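Asker: Structure file run-v3.txt, compact mmCIF, C-alpha atoms and all ligand atoms, is pasted below:
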# COMPACT_ATOMS: atom_id res chain seq x y z
CA MET K 1 0.00 0.00 0.00
CA THR K 2 1.11 3.53 -0.70
CA ALA K 3 -0.32 6.07 1.70
CA GLN K 4 -2.28 9.09 0.58
CA VAL K 5 -0.40 12.19 1.69
CA ILE K 6 -2.51 14.55 3.80
CA LYS K 7 -1.55 17.88 2.33
CA GLY K 8 -1.85 20.19 5.32
CA LYS K 9 -0.53 23.21 3.52
CA GLU K 10 -2.98 22.83 0.65
CA LEU K 11 -5.92 22.38 3.01
CA ALA K 12 -4.70 25.33 5.08
CA HIS K 13 -4.74 27.62 2.04
CA LYS K 14 -8.20 26.43 1.03
CA LEU K 15 -9.53 27.14 4.51
CA ARG K 16 -7.82 30.54 4.59
CA GLU K 17 -9.61 31.48 1.36
CA GLU K 18 -12.94 30.62 2.97
CA MET K 19 -11.96 32.54 6.09
CA ALA K 20 -10.99 35.57 4.01
CA GLU K 21 -14.60 35.75 2.77
CA GLU K 22 -15.90 35.63 6.31
CA VAL K 23 -13.47 38.38 7.32
CA THR K 24 -14.73 40.52 4.43
CA GLN K 25 -18.28 40.12 5.72
CA LEU K 26 -17.23 41.03 9.26
CA LYS K 27 -15.46 44.12 7.98
CA GLU K 28 -18.73 45.22 6.36
CA LYS K 29 -20.15 45.15 9.89
CA GLY K 30 -17.23 47.26 11.09
CA ILE K 31 -15.41 44.36 12.78
CA ILE K 32 -11.73 43.88 11.93
CA PRO K 33 -10.48 40.68 13.57
CA HIS K 34 -7.19 41.44 15.30
CA LEU K 35 -4.57 39.14 16.77
CA THR K 36 -1.76 40.36 19.02
CA VAL K 37 1.26 38.12 19.51
CA ILE K 38 3.72 38.72 22.33
CA ILE K 39 7.21 37.34 21.94
CA LEU K 40 10.03 37.50 24.45
CA GLY K 41 13.59 37.59 23.17
CA ASP K 42 14.76 37.07 19.62
CA ASP K 43 15.30 33.34 19.22
CA PRO K 44 15.38 32.83 15.41
CA ALA K 45 13.07 29.77 15.44
CA SER K 46 10.42 31.61 17.48
CA LYS K 47 10.69 34.62 15.20
CA SER K 48 10.17 32.42 12.16
CA TYR K 49 6.87 31.02 13.62
CA VAL K 50 5.74 34.49 14.56
CA ASN K 51 6.44 35.81 11.08
CA GLY K 52 4.55 32.84 9.61
CA LYS K 53 1.55 33.80 11.73
CA LYS K 54 1.81 37.39 10.55
CA LYS K 55 1.92 36.38 6.87
CA ALA K 56 -1.03 34.02 7.23
CA SER K 57 -3.06 36.69 9.03
CA ALA K 58 -2.50 39.12 6.18
CA GLU K 59 -3.58 36.41 3.70
CA THR K 60 -6.99 36.19 5.39
CA GLY K 61 -7.43 39.91 5.98
CA ILE K 62 -6.98 39.53 9.73
CA SER K 63 -4.98 42.35 11.22
CA SER K 64 -2.17 41.44 13.56
CA ASP K 65 0.68 42.96 15.46
CA ILE K 66 3.68 41.64 17.29
CA ILE K 67 4.84 42.99 20.63
CA GLU K 68 8.50 42.22 21.17
CA MET K 69 9.72 42.26 24.76
CA PRO K 70 13.23 41.58 25.99
CA LEU K 71 14.06 38.11 27.35
CA SER K 72 14.77 39.85 30.67
CA ALA K 73 11.20 41.19 30.98
CA SER K 74 9.66 40.36 34.35
CA GLU K 75 6.51 38.34 34.92
CA GLN K 76 4.81 41.51 36.17
CA GLU K 77 5.73 43.44 33.03
CA LEU K 78 4.22 40.69 30.91
CA LEU K 79 1.09 40.55 33.10
CA ASP K 80 0.71 44.33 32.78
CA LYS K 81 0.92 44.06 29.01
CA ILE K 82 -1.70 41.30 28.96
CA ASP K 83 -3.97 43.43 31.15
CA ILE K 84 -3.80 46.27 28.64
CA LEU K 85 -4.62 43.90 25.76
CA ASN K 86 -7.47 42.27 27.72
CA ASN K 87 -9.05 45.73 28.00
CA ASP K 88 -8.37 46.85 24.43
CA ASP K 89 -11.57 46.43 22.40
CA HIS K 90 -9.64 46.35 19.14
CA VAL K 91 -7.74 43.21 20.20
CA HIS K 92 -9.71 39.97 19.80
CA GLY K 93 -6.98 37.37 20.19
CA ILE K 94 -3.91 37.30 22.43
CA LEU K 95 -1.09 34.79 21.98
CA VAL K 96 2.00 34.70 24.17
CA GLN K 97 4.63 32.66 22.37
CA LEU K 98 5.78 29.68 24.45
CA PRO K 99 8.06 28.52 25.93
CA LEU K 100 8.79 31.43 28.25
CA PRO K 101 12.09 32.00 30.06
CA GLU K 102 12.64 30.23 33.40
CA HIS K 103 11.93 33.26 35.59
CA ILE K 104 8.36 33.54 34.32
CA ASN K 105 5.62 31.20 35.51
CA GLU K 106 3.92 30.05 32.32
CA GLN K 107 0.71 29.08 34.10
CA HIS K 108 0.34 32.59 35.59
CA ILE K 109 0.58 34.03 32.09
CA ILE K 110 -1.86 31.58 30.53
CA GLU K 111 -4.41 32.25 33.28
CA ALA K 112 -4.04 36.04 32.92
CA ILE K 113 -5.28 36.04 29.33
CA SER K 114 -9.01 36.72 29.13
CA PRO K 115 -10.82 33.45 28.23
CA ASP K 116 -12.71 35.50 25.62
CA LYS K 117 -9.40 36.23 23.85
CA ASP K 118 -7.73 32.86 24.49
CA VAL K 119 -7.09 31.94 20.84
CA ASP K 120 -4.48 29.33 21.87
CA GLY K 121 -7.11 27.49 23.91
CA PHE K 122 -4.67 27.05 26.79
CA HIS K 123 -6.66 28.80 29.55
CA PRO K 124 -8.06 26.41 32.21
CA SER K 125 -11.53 27.68 31.33
CA SER K 126 -11.05 26.65 27.69
CA ILE K 127 -9.54 23.30 28.68
CA GLY K 128 -12.43 22.59 31.07
CA LYS K 129 -15.02 23.35 28.41
CA MET K 130 -13.18 21.18 25.89
CA LEU K 131 -13.16 18.32 28.41
CA THR K 132 -16.91 18.54 28.89
CA GLY K 133 -17.52 18.93 25.14
CA ASN K 134 -18.81 22.52 25.35
CA ASP K 135 -18.21 25.29 22.84
CA THR K 136 -14.88 27.03 23.42
CA PHE K 137 -11.54 27.87 21.81
CA LEU K 138 -9.86 24.58 20.98
CA PRO K 139 -6.05 24.40 20.97
CA CYS K 140 -4.71 25.01 17.47
CA THR K 141 -2.56 21.94 16.76
CA PRO K 142 -5.18 19.43 18.02
CA LEU K 143 -7.94 21.26 16.13
CA GLY K 144 -5.78 21.30 13.00
CA ILE K 145 -5.27 17.54 13.29
CA LEU K 146 -8.99 16.91 13.77
CA THR K 147 -9.77 19.12 10.77
CA MET K 148 -7.28 17.20 8.60
CA LEU K 149 -8.77 13.82 9.58
CA GLN K 150 -12.31 15.03 8.91
CA SER K 151 -11.43 16.73 5.62
CA TYR K 152 -9.87 13.52 4.31
CA GLY K 153 -12.90 11.48 5.38
CA ILE K 154 -10.93 9.41 7.87
CA GLN K 155 -13.30 7.69 10.28
CA ILE K 156 -12.68 8.46 13.95
CA GLU K 157 -15.72 6.94 15.65
CA GLY K 158 -14.96 3.51 17.08
CA LYS K 159 -11.35 3.62 15.94
CA HIS K 160 -8.31 3.14 18.15
CA ALA K 161 -6.39 6.42 18.34
CA VAL K 162 -2.95 6.21 19.92
CA ILE K 163 -1.21 9.39 20.98
CA ILE K 164 2.52 9.42 21.63
CA GLY K 165 3.25 12.41 23.84
CA ARG K 166 1.29 13.99 26.69
CA SER K 167 2.08 17.68 26.56
CA ASN K 168 -0.58 20.17 27.60
CA ILE K 169 -0.54 21.81 24.18
CA VAL K 170 -0.65 18.79 21.86
CA GLY K 171 -0.80 15.26 23.29
CA LYS K 172 -3.38 15.63 26.05
CA PRO K 173 -5.84 17.84 24.15
CA VAL K 174 -5.67 15.92 20.85
CA GLY K 175 -6.61 12.75 22.73
CA GLN K 176 -9.51 14.59 24.29
CA LEU K 177 -10.79 15.90 20.94
CA LEU K 178 -10.62 12.40 19.44
CA LEU K 179 -12.42 10.99 22.49
CA ASN K 180 -15.14 13.60 21.95
CA GLU K 181 -15.37 12.21 18.39
CA HIS K 182 -15.91 8.72 19.87
CA ALA K 183 -12.47 7.22 19.31
CA THR K 184 -10.97 4.78 21.81
CA VAL K 185 -7.91 6.67 22.99
CA THR K 186 -4.58 5.41 24.34
CA TYR K 187 -1.82 7.73 25.54
CA CYS K 188 1.80 6.60 25.28
CA HIS K 189 4.74 8.51 26.77
CA SER K 190 8.31 8.15 27.96
CA ARG K 191 7.37 5.70 30.75
CA THR K 192 5.18 3.47 28.58
CA LYS K 193 6.33 -0.15 28.48
CA ASP K 194 6.33 -1.91 25.11
CA MET K 195 5.05 1.09 23.16
CA THR K 196 5.12 -0.89 19.91
CA ALA K 197 2.33 -3.12 21.21
CA PHE K 198 0.13 0.00 21.31
CA THR K 199 1.30 1.71 18.13
CA LYS K 200 0.82 -1.50 16.14
CA SER K 201 -2.84 -1.57 17.10
CA ALA K 202 -3.48 2.10 16.27
CA ASP K 203 -5.92 2.93 13.48
CA ILE K 204 -4.94 6.56 13.97
CA LEU K 205 -1.46 7.28 15.30
CA ILE K 206 -0.58 10.79 16.46
CA VAL K 207 3.14 11.22 16.99
CA ALA K 208 4.29 14.19 19.09
CA MET K 209 7.57 13.06 20.60
CA GLY K 210 10.07 15.59 19.25
CA LYS K 211 12.56 12.93 18.16
CA PRO K 212 13.48 12.69 14.48
CA ASN K 213 12.33 9.66 12.44
CA VAL K 214 11.78 7.30 15.39
CA ILE K 215 8.48 5.84 14.18
CA ARG K 216 9.19 3.36 11.39
CA SER K 217 7.07 0.92 9.40
CA GLU K 218 7.63 -1.93 11.88
CA HIS K 219 5.89 0.17 14.57
CA ILE K 220 2.62 0.78 12.73
CA LYS K 221 -0.50 -1.07 11.67
CA GLU K 222 -1.08 -1.73 7.97
CA GLY K 223 -3.59 0.76 6.56
CA SER K 224 -3.49 3.18 9.49
CA ALA K 225 -3.53 6.99 9.43
CA ILE K 226 -0.31 8.59 10.69
CA ILE K 227 -0.19 12.19 11.91
CA ASP K 228 3.32 13.54 12.45
CA VAL K 229 3.46 16.53 14.82
CA GLY K 230 7.25 16.49 15.13
CA ILE K 231 9.26 19.42 13.86
CA ASN K 232 12.97 18.64 14.10
CA ARG K 233 15.64 20.74 12.46
CA LYS K 234 18.42 18.70 10.88
CA ASP K 235 22.06 19.77 10.67
CA ASP K 236 21.49 20.93 7.08
CA GLY K 237 18.74 23.28 8.32
CA LYS K 238 15.90 21.22 6.79
CA LEU K 239 12.90 20.09 8.84
CA THR K 240 12.03 16.47 9.51
CA GLY K 241 9.24 14.82 11.47
CA ASP K 242 9.14 12.16 14.18
CA VAL K 243 8.02 9.64 11.56
CA ASP K 244 10.24 7.98 8.98
CA PHE K 245 8.09 9.13 6.06
CA GLN K 246 9.69 6.85 3.44
CA SER K 247 9.10 3.49 5.11
CA VAL K 248 5.85 4.39 6.88
CA SER K 249 4.18 5.72 3.73
CA GLU K 250 4.55 2.25 2.18
CA LYS K 251 2.39 0.67 4.91
CA ALA K 252 -0.03 3.37 6.13
CA SER K 253 -3.14 4.51 4.26
CA TYR K 254 -2.72 8.19 5.19
CA ILE K 255 0.30 10.18 6.34
CA THR K 256 1.10 13.84 7.01
CA PRO K 257 4.40 15.24 5.71
CA VAL K 258 6.83 17.51 7.58
CA PRO K 259 6.99 20.31 6.62
CA LYS K 260 3.65 21.23 4.98
CA GLY K 261 1.55 18.98 7.20
CA VAL K 262 0.39 19.82 10.72
CA GLY K 263 2.32 23.14 10.99
CA PRO K 264 0.35 25.18 8.45
CA MET K 265 -2.91 23.81 9.88
CA THR K 266 -1.90 25.00 13.37
CA ILE K 267 -1.54 28.55 12.11
CA THR K 268 -4.82 28.34 10.19
CA MET K 269 -6.69 27.24 13.32
CA LEU K 270 -5.17 30.18 15.18
CA LEU K 271 -6.71 32.48 12.60
CA GLN K 272 -10.01 30.61 12.79
CA ASN K 273 -9.99 31.12 16.56
CA THR K 274 -9.23 34.82 16.08
CA ILE K 275 -12.31 35.16 13.86
CA LYS K 276 -14.33 33.26 16.47
CA ALA K 277 -13.05 35.63 19.16
CA ALA K 278 -13.90 38.70 17.09
CA LYS K 279 -17.43 37.39 16.55
CA GLY K 280 -17.85 36.43 20.20
CA LEU K 281 -16.62 39.77 21.55
CA SER K 282 -18.75 41.75 19.08
CA GLY K 283 -21.88 39.71 19.68
CA VAL K 284 -22.15 38.47 16.08
CA GLY K 285 -24.28 35.34 15.81
CA ARG K 286 -25.61 35.68 19.32
N1 LIG N 1 1.51 30.19 22.47
C1 LIG N 1 1.99 29.44 21.47
N2 LIG N 1 1.16 28.93 20.53
C2 LIG N 1 1.65 28.18 19.50
O1 LIG N 1 0.86 27.72 18.64
C3 LIG N 1 3.05 27.93 19.43
C4 LIG N 1 3.87 28.49 20.43
N3 LIG N 1 3.32 29.21 21.43
N4 LIG N 1 5.21 28.29 20.40
C5 LIG N 1 5.86 27.61 19.29
C6 LIG N 1 4.96 26.58 18.69
C7 LIG N 1 5.39 26.07 17.33
N5 LIG N 1 4.30 26.41 16.42
C8 LIG N 1 4.36 26.20 15.05
C9 LIG N 1 3.34 26.57 14.20
C10 LIG N 1 3.45 26.40 12.83
C11 LIG N 1 4.57 25.84 12.27
C12 LIG N 1 4.66 25.69 10.78
O2 LIG N 1 3.85 26.20 10.05
N6 LIG N 1 5.69 25.00 10.26
C13 LIG N 1 5.92 24.84 8.83
C14 LIG N 1 7.38 25.02 8.49
C15 LIG N 1 7.93 26.35 8.91
C16 LIG N 1 9.43 26.47 8.61
O3 LIG N 1 9.85 26.13 7.49
O4 LIG N 1 10.15 26.92 9.54
C17 LIG N 1 5.53 23.44 8.38
O5 LIG N 1 5.45 22.54 9.24
O6 LIG N 1 5.31 23.25 7.21
C18 LIG N 1 5.58 25.45 13.10
C19 LIG N 1 5.47 25.62 14.47
C20 LIG N 1 3.34 27.07 17.10
N7 LIG N 1 3.64 27.18 18.41
Could you render the structure as structure tokens?
Ligand SMILES: Nc1nc(=O)c2c([nH]1)NC[C@@H]1CN(c3ccc(C(=O)N[C@@H](CCC(=O)O)C(=O)O)cc3)C=[N+]21
Answerer:
Amino acid sequence: MTAQVIKGKELAHKLREEMAEEVTQLKEKGIIPHLTVIILGDDPASKSYVNGKKKASAETGISSDIIEMPLSASEQELLDKIDILNNDDHVHGILVQLPLPEHINEQHIIEAISPDKDVDGFHPSSIGKMLTGNDTFLPCTPLGILTMLQSYGIQIEGKHAVIIGRSNIVGKPVGQLLLNEHATVTYCHSRTKDMTAFTKSADILIVAMGKPNVIRSEHIKEGSAIIDVGINRKDDGKLTGDVDFQSVSEKASYITPVPKGVGPMTITMLLQNTIKAAKGLSGVGR
């Protein structure tokens, strides 16, 4: 079998075109969706993501700005900035680029962002509502993955979804979203014994380990759908996933590439959440 490649970038552009129409309609009502990104320090990788977000925003007509703060900024300075943005009616979405430096408590920052502007879906209020299956901002990477599976007509209900990785931003919430879609969900992580026993029974395998090319064809089930969340930079500067694309694509039925897979969908879902925030804060559709 040769797997069908799930073209995240292509799907992302298609969705952004649809979103651009919605943004046009909102603008006719005087609403200009606006996303503010806060970034601390000038790590080149972080800057590259942030610039990607800026470009994608422009593509959909969403307005965005980037607040750059020094790496030495204090937790209080960051909280003060968030407070200003929470109270600024022109700002609909707030994203603080993670990870933050050691001297700042990430949880304090996440909880300071107004749940109405929580376009990352990381606030405990958003997470709680996701858990109970209520309407809220869903975290961007998990929502991007769900959207890819649904767009390609991959059945989730009744299937065994195995997640490798249990981070708060990817592993845990993607399992929750798939559970809400009636999958049977297994979480694997660094302490899991005999992980292959689980991955080999996965109909849908979500890999978010952060280790290059560790999932190979001998680890997967014939005909399964493989979602690669890994973004690893090789010595030559190129990106590679956690999945060995070559061997796995000969056995799976669907596979996401890296780059051009999950990454562009993450950004697209951020923009979708920004539109949702703009509508929610302006009372559109209420
Ligand atoms: N509060 C917060 N929210 C985030 O969503 C968040 C964050 N912090 N910190 C950093 C990570 C990382 N992240 C990526 C998004 C898109 C690509 C992406 O589009 N990647 C392209 C390749 C880009 C390239 O070539 O460098 C691709 O996979 O095709 C990558 C990484 C969002 N993050």
Asker: Using only C-alpha atoms and all ligand atoms, pick whichever of K:Lys260, K:His182, K:Lys55, K:His123 has the shortest atom-to-atom distance to ligand LIG 1 (chain N).
Answerer: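 Ranked by minimum distance to ligand LIG 1 (chain N), first place goes to K:Lys260.
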Asker: Excluding K:Ile110 and its own-chain neighbours fewer than 3 positions away, which residues fall within 8 Å of it when counting all atoms listed in the file? Please give them as a list of chain:residue names.
Answerer: K:Glu106, K:Gln107, K:Ile113, K:Phe122, K:His123
Asker: Mind writing the picked residues with C-alpha atoms as a short mmCIF file (atom, residue, chain, number, x, y, z; two decimals), in the frame of the given file?
Answerer:
data_model
loop_
_atom_site.label_atom_id
_atom_site.label_comp_id
_atom_site.auth_asym_id
_atom_site.auth_seq_id
_atom_site.Cartn_x
_atom_site.Cartn_y
_atom_site.Cartn_z
CA GLU K 106 3.92 30.05 32.32
CA GLN K 107 0.71 29.08 34.10
CA ILE K 113 -5.28 36.04 29.33
CA PHE K 122 -4.67 27.05 26.79
CA HIS K 123 -6.66 28.80 29.55
#
Asker: Within 6 Å of ligand LIG 1 (chain N), counting all atoms listed in the file, which protein or nucleic acid residues do you find, written as a PyMOL selection string?
Answerer: chain K and resi 49+95-98+120+258-264+266-267
Asker: To one decimal in Å, tell me the separation between atom CA of K:Asp203 and atom CA of K:Cys140.
Answerer: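 Computed distance, atom CA of K:Asp203 to atom CA of K:Cys140, equals 22.5 Å.
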Asker: Quick one: everything within 7 Å of stretch 240-248 of chain K, counting all atoms listed in the file, minus sequence neighbours fewer than 5 positions away in the same chain. Send it as a VMD selection string.
Answerer: chain K and resid 207 209 to 217 228 to 234 258 to 259
Asker: Rank K:Cys188, K:Ala161, K:Met148, K:Ile127 by their smallest atom-to-atom distance to K:Lys14, using all atoms listed in the file, and report the top residue only.
Answerer: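 Once distances to K:Lys14 are computed over all atoms listed in the file, the minimum belongs to K:Met148.
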Asker: May I have the residues within 12 Å of K:Glu250 as a list in words, using only C-alpha atoms and disregarding those fewer than 3 positions away in the same chain?
Answerer: Met1, Thr2, Ala3, Gln4, Val5, Arg216, Ser217, Glu218, Ile220, Lys221, Glu222, Gly223, Ser224, Ala225, Ile226, Asp244, Phe245, Gln246, Ser247, Ser253, Tyr254 and Ile255 of chain K
Asker: What does the distance from atom CA of K:Thr24 to atom CA of K:Leu138 come to in Å, to one decimal?
Answerer: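 The value is 23.5 Å.
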Asker: Mind pulling up the distance from atom CA of K:Leu146 to atom CA of K:Glu181?
Answerer: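 That distance, rounded to one decimal, is 9.2 Å.
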Asker: Need the shell around stretch 27-39 of chain K: protein/DNA/RNA residues with any atom at most 10 Å away, counting all atoms listed in the file. Skip same-chain ones fewer than 5 positions apart. Format as a PDB file with C-alpha atoms, in the coordinates of the input?
Answerer:
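File around34.pdb, as written:
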ATOM      1  CA  GLU K  21     -14.600  35.750   2.770  1.00  0.00           C
ATOM      2  CA  GLU K  22     -15.900  35.630   6.310  1.00  0.00           C
ATOM      3  CA  SER K  46      10.420  31.610  17.480  1.00  0.00           C
ATOM      4  CA  LYS K  47      10.690  34.620  15.200  1.00  0.00           C
ATOM      5  CA  VAL K  50       5.740  34.490  14.560  1.00  0.00           C
ATOM      6  CA  LYS K  53       1.550  33.800  11.730  1.00  0.00           C
ATOM      7  CA  LYS K  54       1.810  37.390  10.550  1.00  0.00           C
ATOM      8  CA  SER K  57      -3.060  36.690   9.030  1.00  0.00           C
ATOM      9  CA  THR K  60      -6.990  36.190   5.390  1.00  0.00           C
ATOM     10  CA  GLY K  61      -7.430  39.910   5.980  1.00  0.00           C
ATOM     11  CA  ILE K  62      -6.980  39.530   9.730  1.00  0.00           C
ATOM     12  CA  SER K  63      -4.980  42.350  11.220  1.00  0.00           C
ATOM     13  CA  SER K  64      -2.170  41.440  13.560  1.00  0.00           C
ATOM     14  CA  ASP K  65       0.680  42.960  15.460  1.00  0.00           C
ATOM     15  CA  ILE K  66       3.680  41.640  17.290  1.00  0.00           C
ATOM     16  CA  ILE K  67       4.840  42.990  20.630  1.00  0.00           C
ATOM     17  CA  GLU K  68       8.500  42.220  21.170  1.00  0.00           C
ATOM     18  CA  MET K  69       9.720  42.260  24.760  1.00  0.00           C
ATOM     19  CA  PRO K  70      13.230  41.580  25.990  1.00  0.00           C
ATOM     20  CA  LEU K  71      14.060  38.110  27.350  1.00  0.00           C
ATOM     21  CA  LEU K  78       4.220  40.690  30.910  1.00  0.00           C
ATOM     22  CA  LYS K  81       0.920  44.060  29.010  1.00  0.00           C
ATOM     23  CA  ILE K  82      -1.700  41.300  28.960  1.00  0.00           C
ATOM     24  CA  LEU K  85      -4.620  43.900  25.760  1.00  0.00           C
ATOM     25  CA  ASP K  89     -11.570  46.430  22.400  1.00  0.00           C
ATOM     26  CA  HIS K  90      -9.640  46.350  19.140  1.00  0.00           C
ATOM     27  CA  VAL K  91      -7.740  43.210  20.200  1.00  0.00           C
ATOM     28  CA  HIS K  92      -9.710  39.970  19.800  1.00  0.00           C
ATOM     29  CA  GLY K  93      -6.980  37.370  20.190  1.00  0.00           C
ATOM     30  CA  ILE K  94      -3.910  37.300  22.430  1.00  0.00           C
ATOM     31  CA  LEU K  95      -1.090  34.790  21.980  1.00  0.00           C
ATOM     32  CA  VAL K  96       2.000  34.700  24.170  1.00  0.00           C
ATOM     33  CA  GLN K  97       4.630  32.660  22.370  1.00  0.00           C
ATOM     34  CA  LEU K  98       5.780  29.680  24.450  1.00  0.00           C
ATOM     35  CA  PRO K  99       8.060  28.520  25.930  1.00  0.00           C
ATOM     36  CA  LEU K 100       8.790  31.430  28.250  1.00  0.00           C
ATOM     37  CA  LYS K 117      -9.400  36.230  23.850  1.00  0.00           C
ATOM     38  CA  VAL K 119      -7.090  31.940  20.840  1.00  0.00           C
ATOM     39  CA  LEU K 270      -5.170  30.180  15.180  1.00  0.00           C
ATOM     40  CA  LEU K 271      -6.710  32.480  12.600  1.00  0.00           C
ATOM     41  CA  ASN K 273      -9.990  31.120  16.560  1.00  0.00           C
ATOM     42  CA  THR K 274      -9.230  34.820  16.080  1.00  0.00           C
ATOM     43  CA  ILE K 275     -12.310  35.160  13.860  1.00  0.00           C
ATOM     44  CA  LYS K 276     -14.330  33.260  16.470  1.00  0.00           C
ATOM     45  CA  ALA K 277     -13.050  35.630  19.160  1.00  0.00           C
ATOM     46  CA  ALA K 278     -13.900  38.700  17.090  1.00  0.00           C
ATOM     47  CA  LYS K 279     -17.430  37.390  16.550  1.00  0.00           C
ATOM     48  CA  LEU K 281     -16.620  39.770  21.550  1.00  0.00           C
ATOM     49  CA  SER K 282     -18.750  41.750  19.080  1.00  0.00           C
ATOM     50  CA  VAL K 284     -22.150  38.470  16.080  1.00  0.00           C
TER      51      VAL K 284
END
Asker: Could you check the closest approach to K:Val23 for each of K:Ala197, K:Met265, K:Ala58, K:Leu178 and tell me which residue wins, using all atoms listed in the file?
Answerer: K:Ala58
Asker: Let me make sure I understand: among K:Asn168, K:Gln272, K:Asn105, K:Gly41, which one has the smallest atom-to-atom distance to K:Ala12 if we use all atoms listed in the file?
Answerer: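 Among the listed residues, K:Gln272 lies closest to K:Ala12.
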Asker: Could I get stretch 138-149 of chain K rebuilt with N, CA and C atoms, written as a PDB file, in the coordinates of the input?
Answerer:
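Dumped everything to out_4.pdb:
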ATOM      1  N   LEU K 138     -10.603  25.841  20.895  1.00  0.00           N
ATOM      2  CA  LEU K 138      -9.860  24.580  20.980  1.00  0.00           C
ATOM      3  C   LEU K 138      -8.414  24.848  20.596  1.00  0.00           C
ATOM      4  N   PRO K 139      -7.473  24.164  21.260  1.00  0.00           N
ATOM      5  CA  PRO K 139      -6.050  24.400  20.970  1.00  0.00           C
ATOM      6  C   PRO K 139      -5.728  24.116  19.494  1.00  0.00           C
ATOM      7  N   CYS K 140      -4.861  24.937  18.931  1.00  0.00           N
ATOM      8  CA  CYS K 140      -4.710  25.010  17.470  1.00  0.00           C
ATOM      9  C   CYS K 140      -4.162  23.732  16.828  1.00  0.00           C
ATOM     10  N   THR K 141      -3.124  23.136  17.390  1.00  0.00           N
ATOM     11  CA  THR K 141      -2.560  21.940  16.760  1.00  0.00           C
ATOM     12  C   THR K 141      -3.563  20.773  16.816  1.00  0.00           C
ATOM     13  N   PRO K 142      -4.159  20.481  17.985  1.00  0.00           N
ATOM     14  CA  PRO K 142      -5.180  19.430  18.020  1.00  0.00           C
ATOM     15  C   PRO K 142      -6.345  19.697  17.076  1.00  0.00           C
ATOM     16  N   LEU K 143      -6.822  20.937  17.024  1.00  0.00           N
ATOM     17  CA  LEU K 143      -7.940  21.260  16.130  1.00  0.00           C
ATOM     18  C   LEU K 143      -7.525  21.106  14.671  1.00  0.00           C
ATOM     19  N   GLY K 144      -6.288  21.465  14.365  1.00  0.00           N
ATOM     20  CA  GLY K 144      -5.780  21.300  13.000  1.00  0.00           C
ATOM     21  C   GLY K 144      -5.731  19.827  12.610  1.00  0.00           C
ATOM     22  N   ILE K 145      -5.329  18.988  13.549  1.00  0.00           N
ATOM     23  CA  ILE K 145      -5.270  17.540  13.290  1.00  0.00           C
ATOM     24  C   ILE K 145      -6.674  16.988  13.060  1.00  0.00           C
ATOM     25  N   LEU K 146      -7.608  17.368  13.925  1.00  0.00           N
ATOM     26  CA  LEU K 146      -8.990  16.910  13.770  1.00  0.00           C
ATOM     27  C   LEU K 146      -9.553  17.347  12.414  1.00  0.00           C
ATOM     28  N   THR K 147      -9.277  18.583  12.040  1.00  0.00           N
ATOM     29  CA  THR K 147      -9.770  19.120  10.770  1.00  0.00           C
ATOM     30  C   THR K 147      -9.179  18.346   9.585  1.00  0.00           C
ATOM     31  N   MET K 148      -7.906  17.986   9.669  1.00  0.00           N
ATOM     32  CA  MET K 148      -7.280  17.200   8.600  1.00  0.00           C
ATOM     33  C   MET K 148      -7.952  15.834   8.476  1.00  0.00           C
ATOM     34  N   LEU K 149      -8.150  15.156   9.611  1.00  0.00           N
ATOM     35  CA  LEU K 149      -8.770  13.820   9.580  1.00  0.00           C
ATOM     36  C   LEU K 149     -10.168  13.904   8.975  1.00  0.00           C
TER      37      LEU K 149
END
